[in-house]
Amino acid sequence: MLITAAISCKLFNQHYEIHMKIFTLIIALYFCSIIHSYTQDNSIIYPDESKSTRKNLIKINYLALPFKTINLSYERLLSNYLSIQIQGYYLFGSIREFDYKVSDWYNFTPEIRIYIKGNASRGFFIAPYYQLNQNYNENERSSTRWGYLFNANVVGLCTGYQWIKWKNFNIDLYGGAGIQFWTTNKPSWDPPVSGTDPAFRFGSTIGYAF
């Protein structure tokens with residue numbers, strides 16, 4: 001029991017350290033984005049074109065591809081300051097996390113983006129978001145295999161910076177944090193186990209603006 005507890009504690013500490021490193025990266029990106037946005041001229045990108053000519057952006061998170069996942073986004077410009085974005089994520093196959101095989105992992109994330117300087121989908125933005133997250137976890141090291149369904153609802157705040165280059169090429173960098181309200185649905189647990197945890201979100205996308 002002591003050995004098991006020590007191993008569990010060690011795994012928890014490793015997981016916590018990873019989250020803290022990610023959180024530190026997000027904070028660094030946040031301040032870099034602020035500094036960059038306030039040192040740029042509002043009209044340096046296509047000064048001879050209307051800011052409202054490209055109201056739609058389709059993007060893919062290329063950082064997710066090596067992990068057998070596809071992460072696609074669609075952003076629609078509402079004004080020079082405001083847009084809405086819908087992002088979807090799906091894991092093909094499975095991955096291993098500690099003693100569990102994680103599969104059927106998907107999430108759905110709508111967000112509202114506020115572009116501080118009114119550059120119409122360009123520059124620094126803040127974005128409150130909601131995320132629906134679900135995956136199936138199977139314990140492979142137990143003598144009796146069992147699994148459970150993990151569901152989470154996340155509310156958070158994201159910040160980032162977006163570029164549009166060569167008229168239509170889009171580059172997006174973002175990071176944020178929030179709170180997830182989760183439940184697990186294992187048949188032998190009645191009622192289901194639930195709780196709250198910090199949740200982190202970060203990535204980078206490339207895409208096409210039109």
# chains A, B, ... in the order shown; residues from 1 in each chain; ligands from 1
call {"tool": "residues_around", "arguments": {"residues": "range 67-70 of chain A", "least_positions_apart": "6", "cutoff": "9 Å", "atoms": "only C-alpha atoms", "output": "PyMOL selection string"}}
result
chain A and resi 60-61+88-95
call {"tool": "select_by_dssp", "arguments": {"residues": "range 76-163 of chain A", "states": "strand (DSSP E or B)", "output": "mmCIF file with N, CA and C atoms, in the first residue's frame"}}
result
data_model
loop_
_atom_site.group_PDB
_atom_site.id
_atom_site.type_symbol
_atom_site.label_atom_id
_atom_site.label_comp_id
_atom_site.auth_asym_id
_atom_site.auth_seq_id
_atom_site.Cartn_x
_atom_site.Cartn_y
_atom_site.Cartn_z
ATOM 1 N N ARG A 76 -15.750 33.207 -37.735
ATOM 2 C CA ARG A 76 -16.583 34.120 -38.518
ATOM 3 C C ARG A 76 -16.491 35.523 -37.911
ATOM 4 N N LEU A 77 -16.070 36.467 -38.725
ATOM 5 C CA LEU A 77 -15.932 37.846 -38.272
ATOM 6 C C LEU A 77 -17.292 38.528 -38.202
ATOM 7 N N LEU A 82 -14.945 41.960 -33.119
ATOM 8 C CA LEU A 82 -15.596 40.771 -32.562
ATOM 9 C C LEU A 82 -15.738 39.666 -33.608
ATOM 10 N N SER A 83 -15.518 38.425 -33.156
ATOM 11 C CA SER A 83 -15.757 37.256 -34.003
ATOM 12 C C SER A 83 -16.204 36.096 -33.127
ATOM 13 N N ILE A 84 -16.754 35.081 -33.766
ATOM 14 C CA ILE A 84 -17.080 33.835 -33.079
ATOM 15 C C ILE A 84 -16.287 32.708 -33.733
ATOM 16 N N GLN A 85 -15.883 31.749 -32.920
ATOM 17 C CA GLN A 85 -15.134 30.611 -33.449
ATOM 18 C C GLN A 85 -15.676 29.322 -32.851
ATOM 19 N N ILE A 86 -15.714 28.288 -33.695
ATOM 20 C CA ILE A 86 -16.115 26.948 -33.263
ATOM 21 C C ILE A 86 -14.960 26.008 -33.573
ATOM 22 N N GLN A 87 -14.533 25.258 -32.564
ATOM 23 C CA GLN A 87 -13.397 24.351 -32.719
ATOM 24 C C GLN A 87 -13.807 22.941 -32.323
ATOM 25 N N GLY A 88 -13.387 21.963 -33.110
ATOM 26 C CA GLY A 88 -13.680 20.567 -32.823
ATOM 27 C C GLY A 88 -12.412 19.726 -32.810
ATOM 28 N N TYR A 89 -12.379 18.728 -31.919
ATOM 29 C CA TYR A 89 -11.186 17.902 -31.726
ATOM 30 C C TYR A 89 -11.613 16.447 -31.656
ATOM 31 N N TYR A 90 -10.849 15.565 -32.328
ATOM 32 C CA TYR A 90 -11.153 14.132 -32.232
ATOM 33 C C TYR A 90 -9.855 13.327 -32.274
ATOM 34 N N LEU A 91 -9.756 12.347 -31.371
ATOM 35 C CA LEU A 91 -8.597 11.457 -31.305
ATOM 36 C C LEU A 91 -8.891 10.181 -32.079
ATOM 37 N N SER A 94 -6.057 5.493 -29.964
ATOM 38 C CA SER A 94 -5.993 5.661 -28.513
ATOM 39 C C SER A 94 -4.596 6.122 -28.109
ATOM 40 N N ILE A 95 -4.493 6.643 -26.899
ATOM 41 C CA ILE A 95 -3.205 6.998 -26.295
ATOM 42 C C ILE A 95 -3.178 6.426 -24.885
ATOM 43 N N ARG A 96 -1.996 6.334 -24.299
ATOM 44 C CA ARG A 96 -1.860 5.834 -22.931
ATOM 45 C C ARG A 96 -1.517 6.974 -21.987
ATOM 46 N N GLU A 97 -2.239 7.029 -20.889
ATOM 47 C CA GLU A 97 -2.011 8.039 -19.864
ATOM 48 C C GLU A 97 -1.963 7.328 -18.515
ATOM 49 N N TYR A 100 -3.895 3.948 -17.934
ATOM 50 C CA TYR A 100 -5.136 3.900 -18.693
ATOM 51 C C TYR A 100 -4.895 4.050 -20.194
ATOM 52 N N LYS A 101 -5.722 3.356 -20.935
ATOM 53 C CA LYS A 101 -5.780 3.579 -22.378
ATOM 54 C C LYS A 101 -6.964 4.506 -22.642
ATOM 55 N N VAL A 102 -6.685 5.661 -23.248
ATOM 56 C CA VAL A 102 -7.712 6.672 -23.489
ATOM 57 C C VAL A 102 -8.117 6.615 -24.954
ATOM 58 N N SER A 103 -9.405 6.519 -25.215
ATOM 59 C CA SER A 103 -9.922 6.435 -26.586
ATOM 60 C C SER A 103 -11.236 7.213 -26.687
ATOM 61 N N ASP A 104 -11.747 7.276 -27.912
ATOM 62 C CA ASP A 104 -13.013 7.991 -28.186
ATOM 63 C C ASP A 104 -12.996 9.383 -27.557
ATOM 64 N N TRP A 105 -11.904 10.087 -27.732
ATOM 65 C CA TRP A 105 -11.723 11.404 -27.113
ATOM 66 C C TRP A 105 -12.126 12.486 -28.102
ATOM 67 N N TYR A 106 -13.082 13.292 -27.717
ATOM 68 C CA TYR A 106 -13.476 14.426 -28.550
ATOM 69 C C TYR A 106 -13.845 15.605 -27.653
ATOM 70 N N ASN A 107 -13.749 16.789 -28.228
ATOM 71 C CA ASN A 107 -14.275 17.967 -27.547
ATOM 72 C C ASN A 107 -14.806 18.964 -28.554
ATOM 73 N N PHE A 108 -15.616 19.857 -28.073
ATOM 74 C CA PHE A 108 -16.276 20.876 -28.885
ATOM 75 C C PHE A 108 -16.155 22.198 -28.134
ATOM 76 N N THR A 109 -15.595 23.231 -28.801
ATOM 77 C CA THR A 109 -15.270 24.476 -28.112
ATOM 78 C C THR A 109 -15.760 25.697 -28.889
ATOM 79 N N PRO A 110 -16.864 26.296 -28.483
ATOM 80 C CA PRO A 110 -17.236 27.611 -29.027
ATOM 81 C C PRO A 110 -16.594 28.727 -28.204
ATOM 82 N N GLU A 111 -16.219 29.813 -28.856
ATOM 83 C CA GLU A 111 -15.615 30.934 -28.150
ATOM 84 C C GLU A 111 -15.967 32.252 -28.842
ATOM 85 N N ILE A 112 -15.882 33.325 -28.089
ATOM 86 C CA ILE A 112 -16.072 34.678 -28.615
ATOM 87 C C ILE A 112 -14.730 35.389 -28.545
ATOM 88 N N ARG A 113 -14.242 35.844 -29.690
ATOM 89 C CA ARG A 113 -12.953 36.529 -29.739
ATOM 90 C C ARG A 113 -13.151 38.043 -29.798
ATOM 91 N N ILE A 114 -12.416 38.722 -28.944
ATOM 92 C CA ILE A 114 -12.464 40.178 -28.891
ATOM 93 C C ILE A 114 -11.083 40.699 -29.286
ATOM 94 N N TYR A 115 -11.017 41.370 -30.431
ATOM 95 C CA TYR A 115 -9.759 41.930 -30.924
ATOM 96 C C TYR A 115 -9.613 43.348 -30.377
ATOM 97 N N GLY A 123 -4.154 40.409 -34.969
ATOM 98 C CA GLY A 123 -3.600 41.002 -33.771
ATOM 99 C C GLY A 123 -3.983 40.272 -32.491
ATOM 100 N N PHE A 124 -3.792 40.960 -31.382
ATOM 101 C CA PHE A 124 -4.024 40.392 -30.059
ATOM 102 C C PHE A 124 -5.525 40.274 -29.767
ATOM 103 N N PHE A 125 -5.918 39.162 -29.138
ATOM 104 C CA PHE A 125 -7.322 38.954 -28.796
ATOM 105 C C PHE A 125 -7.443 38.281 -27.435
ATOM 106 N N ILE A 126 -8.592 38.465 -26.812
ATOM 107 C CA ILE A 126 -8.987 37.682 -25.641
ATOM 108 C C ILE A 126 -10.281 36.964 -26.003
ATOM 109 N N ALA A 127 -10.480 35.781 -25.433
ATOM 110 C CA ALA A 127 -11.623 34.971 -25.848
ATOM 111 C C ALA A 127 -12.153 34.125 -24.700
ATOM 112 N N PRO A 128 -13.282 34.486 -24.121
ATOM 113 C CA PRO A 128 -13.954 33.568 -23.194
ATOM 114 C C PRO A 128 -14.492 32.364 -23.973
ATOM 115 N N TYR A 129 -14.406 31.183 -23.379
ATOM 116 C CA TYR A 129 -14.809 29.985 -24.112
ATOM 117 C C TYR A 129 -15.492 28.977 -23.189
ATOM 118 N N TYR A 130 -16.232 28.080 -23.848
ATOM 119 C CA TYR A 130 -16.824 26.916 -23.198
ATOM 120 C C TYR A 130 -16.345 25.684 -23.948
ATOM 121 N N GLN A 131 -16.095 24.604 -23.229
ATOM 122 C CA GLN A 131 -15.638 23.373 -23.882
ATOM 123 C C GLN A 131 -16.359 22.159 -23.317
ATOM 124 N N LEU A 132 -16.869 21.329 -24.215
ATOM 125 C CA LEU A 132 -17.444 20.035 -23.855
ATOM 126 C C LEU A 132 -16.403 18.982 -24.190
ATOM 127 N N ASN A 133 -16.033 18.172 -23.204
ATOM 128 C CA ASN A 133 -14.925 17.227 -23.352
ATOM 129 C C ASN A 133 -15.382 15.839 -22.906
ATOM 130 N N GLN A 134 -15.104 14.829 -23.723
ATOM 131 C CA GLN A 134 -15.495 13.462 -23.349
ATOM 132 C C GLN A 134 -14.470 12.457 -23.865
ATOM 133 N N ASN A 135 -14.144 11.447 -23.061
ATOM 134 C CA ASN A 135 -13.289 10.353 -23.501
ATOM 135 C C ASN A 135 -13.556 9.110 -22.656
ATOM 136 N N TYR A 136 -13.092 7.985 -23.188
ATOM 137 C CA TYR A 136 -13.266 6.704 -22.490
ATOM 138 C C TYR A 136 -11.909 6.220 -21.994
ATOM 139 N N ASN A 137 -11.844 5.841 -20.702
ATOM 140 C CA ASN A 137 -10.597 5.391 -20.069
ATOM 141 C C ASN A 137 -10.722 3.928 -19.665
ATOM 142 N N GLU A 138 -9.760 3.106 -20.087
ATOM 143 C CA GLU A 138 -9.769 1.689 -19.750
ATOM 144 C C GLU A 138 -8.508 1.340 -18.971
ATOM 145 N N ASN A 139 -8.695 0.727 -17.799
ATOM 146 C CA ASN A 139 -7.564 0.309 -16.970
ATOM 147 C C ASN A 139 -7.031 -1.016 -17.490
ATOM 148 N N TRP A 146 -11.517 -2.893 -16.478
ATOM 149 C CA TRP A 146 -12.720 -2.070 -16.369
ATOM 150 C C TRP A 146 -12.412 -0.698 -16.944
ATOM 151 N N GLY A 147 -13.434 0.014 -17.303
ATOM 152 C CA GLY A 147 -13.262 1.341 -17.878
ATOM 153 C C GLY A 147 -14.382 2.266 -17.435
ATOM 154 N N TYR A 148 -14.207 3.522 -17.739
ATOM 155 C CA TYR A 148 -15.232 4.499 -17.377
ATOM 156 C C TYR A 148 -15.249 5.638 -18.394
ATOM 157 N N LEU A 149 -16.387 6.285 -18.469
ATOM 158 C CA LEU A 149 -16.579 7.428 -19.362
ATOM 159 C C LEU A 149 -16.313 8.709 -18.585
ATOM 160 N N PHE A 150 -15.465 9.548 -19.148
ATOM 161 C CA PHE A 150 -15.116 10.822 -18.511
ATOM 162 C C PHE A 150 -15.801 11.947 -19.273
ATOM 163 N N ASN A 151 -16.575 12.774 -18.557
ATOM 164 C CA ASN A 151 -17.245 13.935 -19.142
ATOM 165 C C ASN A 151 -16.815 15.191 -18.394
ATOM 166 N N ALA A 152 -16.565 16.261 -19.134
ATOM 167 C CA ALA A 152 -16.156 17.510 -18.496
ATOM 168 C C ALA A 152 -16.757 18.699 -19.233
ATOM 169 N N ASN A 153 -17.192 19.678 -18.457
ATOM 170 C CA ASN A 153 -17.620 20.968 -18.987
ATOM 171 C C ASN A 153 -16.632 22.004 -18.480
ATOM 172 N N VAL A 154 -16.027 22.728 -19.416
ATOM 173 C CA VAL A 154 -14.955 23.666 -19.075
ATOM 174 C C VAL A 154 -15.388 25.090 -19.424
ATOM 175 N N VAL A 155 -15.106 25.997 -18.512
ATOM 176 C CA VAL A 155 -15.317 27.428 -18.745
ATOM 177 C C VAL A 155 -13.984 28.113 -18.498
ATOM 178 N N GLY A 156 -13.531 28.928 -19.465
ATOM 179 C CA GLY A 156 -12.229 29.535 -19.295
ATOM 180 C C GLY A 156 -12.029 30.775 -20.138
ATOM 181 N N LEU A 157 -10.803 31.270 -20.105
ATOM 182 C CA LEU A 157 -10.416 32.475 -20.849
ATOM 183 C C LEU A 157 -9.143 32.180 -21.621
ATOM 184 N N CYS A 158 -9.158 32.544 -22.889
ATOM 185 C CA CYS A 158 -8.044 32.280 -23.784
ATOM 186 C C CYS A 158 -7.516 33.610 -24.324
ATOM 187 N N THR A 159 -6.218 33.705 -24.538
ATOM 188 C CA THR A 159 -5.617 34.878 -25.176
ATOM 189 C C THR A 159 -4.680 34.409 -26.276
ATOM 190 N N GLY A 160 -4.384 35.297 -27.213
ATOM 191 C CA GLY A 160 -3.490 34.909 -28.280
ATOM 192 C C GLY A 160 -3.264 36.017 -29.282
ATOM 193 N N TYR A 161 -2.642 35.637 -30.381
ATOM 194 C CA TYR A 161 -2.329 36.592 -31.443
ATOM 195 C C TYR A 161 -2.541 35.907 -32.780
ATOM 196 N N GLN A 162 -3.106 36.640 -33.727
ATOM 197 C CA GLN A 162 -3.407 36.074 -35.034
ATOM 198 C C GLN A 162 -2.841 36.963 -36.139
ATOM 199 N N TRP A 163 -2.218 36.309 -37.107
ATOM 200 C CA TRP A 163 -1.674 36.999 -38.268
ATOM 201 C C TRP A 163 -2.396 36.541 -39.528
#
call {"tool": "atom_distance", "arguments": {"atom1": "CA of Tyr81 in chain A", "atom2": "CA of Asn170 in chain A"}}
result
17.4 Å
call {"tool": "atom_distance", "arguments": {"atom1": "CA of Asn119 in chain A", "atom2": "CA of Leu72 in chain A"}}
result
23.0 Å
call {"tool": "atom_distance", "arguments": {"atom1": "CA of Ile164 in chain A", "atom2": "CA of Asn71 in chain A"}}
result
19.6 Å
call {"tool": "closest_residue", "arguments": {"among": "A:Lys186, A:Arg201, A:Lys55, A:Arg122", "to": "Tyr174 in chain A", "atoms": "only C-alpha atoms"}}
result
A:Arg201
call {"tool": "closest_residue", "arguments": {"among": "A:Ser79, A:Ser73, A:Ser121, A:Gln180", "to": "Pro198 in chain A", "atoms": "only C-alpha atoms"}}
result
A:Gln180
call {"tool": "closest_residue", "arguments": {"among": "A:Gly118, A:Pro66, A:Pro192, A:Gly175", "to": "Ser204 in chain A", "atoms": "only C-alpha atoms"}}
result
A:Gly175
